Amino acid sequence: MKLKSAPHLIAACTAMICAGASLSAHAETGKLLLTGGVSSIDGAAGGGLTPWAVIGSNATEGEIGGTAFVTTARTKDYGLNIVGASVGIHDRYELSIAQQDFKTGVTGTGLGLPGLHLKQTILGAKVRVAGDAILDSDSLMPQIAVGVELKNLGSTGLDGTLRALGAKREGVDLYVSATKLFLGQSLLVNGTLRATKANQNGLLGFGSTSDNSYSLQPEFSVAYLISKNWVVGAEYRSMRDKLRLPVAGANGLRAEDWKDIFVAWAPNKNLSVTLAYVDLGTIVPLTTASRKQTGYYLSAQVAF
């Protein structure tokens, strides 16, 4: 699927959010503060690194709401900027879009591509299929959702290298998430299982000559509500490691699992800010002397 009209998609998504606002502007939502999660790097509601089974926005049953977010992350060698938006419909359906701009800085020099930008557009859809995080908070039943993410990596000077490695610029991720909210303990836990061909979440294409099949990658989150406005937590996201250089024993494109420790602040239902320490392991160690990519993640979201 070609995603060449991303600006038009963002405009359409924004129009849908505005339409939702006009339908629910006078309705007081019943969703508790921070229980809708924040916007993940792929646009879906959840934590910063991984989707949860929650539906984004403040909309509850019978309402339509939306979110918009901006995120920036910096590690020792790389930078990532993301903008996106989502629509939540009746607290059951979610549509999202995100645009990622990954800046390689000077690391691309080793590949003859200094200052290379990798840009990816992600369209997402999620459906809550069972459970209710709030209504089932006094039982062991989690909220369960299934989702799909259509990813398209823009064309760059890296295209020839990716083709040589058997990686395509388009891919589809499928996932199922289970989120359990323990209101009495102020605790939320989430588990996600993702079927993917993505290398470094798609920033290095999808599939490879060595393995073009889907891989199942687990993702986990835990969050603790220290007050009605503040949440602290941690995330873990297993990363597919199937991209190999066509040289025996070469490990210059190794991928490692992603992790973070975060704090989120929501002064009200319409605004949240998330700050995290991230550890993305090694990303293209061939060009970074195998340095661990640790740094910070900062995201702001508006929701209604």
# chains A, B, ... in the order shown; residues from 1 in each chain; ligands from 1
>>> residues_around(residues="Gly191 in chain A", least_positions_apart="6", cutoff="8 Å", atoms="only C-alpha atoms", output="PyMOL selection string")
chain A and resi 52+177-179+218-221
>>> residues_around(residues="range 158-175 of chain A", least_positions_apart="5", cutoff="6 Å", atoms="only C-alpha atoms", output="ChimeraX atom specification")
/A:146-153,193-196,205-209
>>> closest_residue(among="A:Gly88, A:Thr156, A:Thr71, A:Val278", to="Leu113 in chain A", atoms="only C-alpha atoms")
A:Thr156
>>> residues_around(residues="Arg254 in chain A", least_positions_apart="5", cutoff="9 Å", atoms="only C-alpha atoms", output="PyMOL selection string")
chain A and resi 241-244+282-286
>>> select_by_dssp(residues="range 66-176 of chain A", states="alpha helix (DSSP H)", output="PyMOL selection string")
chain A and resi 159-164
>>> select_by_dssp(residues="range 154-285 of chain A", states="strand (DSSP E or B)", output="ChimeraX atom specification")
/A:168,170-182,187-196,198,206,215-225,230-237,255,258-268,271-279,283
>>> closest_residue(among="A:Phe69, A:Tyr296, A:Tyr236, A:Phe102", to="Gly202 in chain A", atoms="only C-alpha atoms")
A:Phe102
>>> closest_residue(among="A:Thr287, A:Ser40, A:Gln293, A:Thr274", to="Pro114 in chain A", atoms="only C-alpha atoms")
A:Thr287
>>> residues_around(residues="range 72-75 of chain A", least_positions_apart="6", cutoff="9 Å", atoms="only C-alpha atoms", output="ChimeraX atom specification")
/A:81-83,278-280,292-299
>>> write_last_selection(atoms="N, CA and C atoms", output="compact mmCIF listing (two decimals), in the first residue's frame")
# COMPACT_ATOMS: atom_id res chain seq x y z
N ASN A 81 11.99 12.70 15.63
CA ASN A 81 10.86 13.60 15.82
C ASN A 81 9.61 12.94 15.25
N ILE A 82 8.50 13.06 15.97
CA ILE A 82 7.25 12.42 15.56
C ILE A 82 6.09 13.38 15.78
N VAL A 83 5.17 13.42 14.84
CA VAL A 83 3.89 14.11 15.02
C VAL A 83 2.79 13.13 14.64
N VAL A 278 15.50 6.50 27.90
CA VAL A 278 15.36 5.38 26.97
C VAL A 278 16.70 4.69 26.74
N ASP A 279 16.64 3.39 26.55
CA ASP A 279 17.78 2.57 26.17
C ASP A 279 17.35 1.74 24.97
N LEU A 280 17.85 2.09 23.79
CA LEU A 280 17.48 1.43 22.55
C LEU A 280 18.52 0.42 22.09
N LYS A 292 25.89 2.05 22.90
CA LYS A 292 24.51 1.91 23.32
C LYS A 292 23.78 3.23 23.10
N GLN A 293 22.60 3.16 22.52
CA GLN A 293 21.83 4.36 22.22
C GLN A 293 20.89 4.68 23.38
N THR A 294 21.43 5.36 24.38
CA THR A 294 20.66 5.80 25.53
C THR A 294 20.44 7.30 25.42
N GLY A 295 19.35 7.78 26.03
CA GLY A 295 19.06 9.20 25.97
C GLY A 295 17.71 9.51 26.58
N TYR A 296 17.03 10.52 26.03
CA TYR A 296 15.75 10.93 26.60
C TYR A 296 14.66 10.92 25.54
N TYR A 297 13.43 10.91 26.05
CA TYR A 297 12.21 10.91 25.22
C TYR A 297 11.26 11.92 25.86
N LEU A 298 10.72 12.83 25.07
CA LEU A 298 9.80 13.85 25.58
C LEU A 298 8.62 13.94 24.64
N SER A 299 7.40 13.85 25.20
CA SER A 299 6.20 13.86 24.37
C SER A 299 5.11 14.69 25.05
>>> atom_distance(atom1="CA of Ile41 in chain A", atom2="CA of Met141 in chain A")
27.1 Å
>>> closest_residue(among="A:Asn212, A:Asn58, A:Gln200, A:Asn268", to="Arg237 in chain A", atoms="only C-alpha atoms")
A:Gln200
>>> atom_distance(atom1="CA of Lys228 in chain A", atom2="CA of Gly124 in chain A")
29.3 Å
